[in-house]
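*Asks:* The following block contains the structure, expressed as structure tokens.
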Amino acid sequence: MLPRTASGRTAAPAPHGWVQAVTVALAGFAAMLVVAALGLWAAGATDLPAGAFPRVVAATVVSAVGGSVHVSGNAGSLARTRAELTAIPLSVTLTGALVTAAGFLRPLRHRAVAGGTELAGWAARIAVPWLLALLGLALAARRTIDLEVGGVLGDLGDLLDTKPRIVFGADVPPTLLFGLLWLAGVLLLALLVSRGAPLPGRLLRHRESVRPAAHAVVVLLLVYVALAAVVTLVAAARGGHPGRMFAVLLLGLPNLAWPALTLGLGATWHGRVDGPFGLPLPGVVSELLRTPDVTTLDLGTLAEHDGRAWWLLVAAVVLVPATGFLMAVRSPARVPLWRHAVHLAVALALAVLAVCLLCRVFARYDLSLLGLGDLGGGLSGELHLWPDLWSAVGLAALWGLVCGFLGGLLARPVRRREDRREAS
């Protein structure tokens with residue numbers, strides 16, 4: 001219960017201070033910087049010239065929170081370059097989200113209700129130091145990196161003083177805007193997912209319909225990441241490029257785990273790899289993508305080359321109904337089965353929509369001299385990976401309907417035992 005004043009009125013909870021807000025913001029960024037630095041170190045980025053490593057770490061964290069980092073090329077007046085990169089290091093993103101959400105929720109624990117003004121004020125106090133830290137990282141995430149190339153282009157470049165280079169830098173206004181939206185989304189999701197987080201009184205009636213499904217689907221996503229981590233560590237222990245495996249673990253593990261979830265649900269992805277680029281994917285996937293034409297990736301095409309791909313379907317058949325069961329157990333006993341089905345369908349469809357938008361990859365680098373095309377011995381190339389968005393969302397909704405209903409059925413005996421225990 002809340003303390004009462006001498007006049008008998010309920011006292012408002014003490015406001016959360018600026019020290020706590022700064023601590024939450026800095027803890028989130030510190031965790032992301034550590035993970036990004038270790039991942040880039042494992043990937044060999046410490047060998048980048050001109051002291052670029054800290055700048056690349058800053059750019060990685062900026063990208064992880066939704067910031068805008070542009071990549072361009074330059075090779076003198078006689079050469080032409082083009083560079084583009086769209087990819088989110090979701091391991092860094094997930095780390096920052098978990099740490100920031102935990103710090104946001106910590107002062108709110110053991111409370112059933114909190115006013116909307118209080119929650120908004122606490123979020124705003126976190127946002128101020130968070131944006132200042134993001135601004136500092138965006139300003140630091142700038143560097144020009146000279147590329148060492150061989151072959152004819154390297155010889156001509158030395159002769160004509162046209163060194164190819166990549167220039168990257170953060171676009172500050174979009175970075176701050178999208179970074180603020182990222183923070184708002186993390187804090188809102190934390191309130192939706194956490195069972196013990198307080199809500200404003202007028203929103204309490206929606207808690208029973210939203211929180212169990214949101215919590216269960218977030219647990220599903222985290223379980224997929226944990227399973228992918230186990231597979232990655234096993235691959236590293238077997239001697240399969242341990243540096244690259246740890247780089248994947250620390251930079252892009254959800255980028256692999258969450259598309260695997262959608263593939264298990266029956267979704268289709270398309271991709272192509274050309275030139276020196278590559279994806280940190282299992283060998284069969286890399287082979288399928290490195291073709292002259294765009295490749296379709298689904299359970300069928302993967303299983304044709306490696307029968308172990310059917311384990312993705314097995315994982316979905318086991319884990320998605322378990323998600324429905326978890327949701328139903330955390331829901332009130334009076335919720336009918338059809339509502340369990342609808343709640344999980346909506347939550348799973350939204351999660352797959354987010355996965356499809358976040359896990360797309362696009363990279364391109366072209367280098368030519370005097371309009372003669374790629375003379376750098378295969379330096380130019382492209383990498384694409386994108387999903388059939390709406391079919392994936394539709395399949396997720398269908399799985400949610402079936403598994404939500406099934407989860408509700410499986411939870412009924414558990415709820416009956418709990419009711420009998422409470423009655424006795």
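Chains: A, B, ... in order of the structure tokens. Residues: from 1 per chain. Ligands: from 1, in order shown.
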Which residues are near A:Leu119? Cut-off 10 Å, only C-alpha atoms, ignore same chain within fewer than 4 positions. Put them as a ChimeraX atom specification.

*Replies:* /A:15-16,104,108,114-115,123-124,187,191,198-200

*Asks:* Any idea what's packed within 9 Å of stretch 352-363 of chain A, counting only C-alpha atoms, ignoring anything in its chain fewer than 2 positions away? Could you give it as a ChimeraX atom specification?

*Replies:* /A:83-88,90,254-256,258-259,261-262,271,277,347-350,365,381-390,392-393,396

*Asks:* Under the rule that only C-alpha atoms are counted, which of A:Asp47, A:Glu208, A:Asp293, A:Glu118 is the nearest residue to A:His340?

*Replies:* A:Glu208

*Asks:* From the set A:Ala315, A:Ile126, A:Ala30, A:Ala267, which residue has the shortest atom-to-atom contact distance to A:Thr296, counting only C-alpha atoms?

*Replies:*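 Residue with the minimum atom-to-atom distance to A:Thr296: A:Ala267.
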
*Asks:* What's around A:Val61 at 7 Å? Count only C-alpha atoms, leave out sequence neighbours fewer than 6 positions away in its own chain, and write the answer as a ChimeraX atom specification.

*Replies:* /A:32-33,36,92

*Asks:* Would you kindly return, as a list in words, each protein, DNA or RNA residue with an atom no farther than 9 Å from any atom of A:Ala138, considering only C-alpha atoms and excluding same-chain residues fewer than 4 positions away?

*Replies:*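 Result of the neighbour search: Ala58, Ala59, Val62, Gly67, Ser68, Val69, Ala133, Leu134, Arg142, Gly169, Ala170, Asp171, Val172, Thr175 and Leu176 of chain A.
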
*Asks:* Distance atom CA of A:Gly404-atom CA of A:Met327, one decimal place?

*Replies:*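 A separation of 8.0 Å between them.
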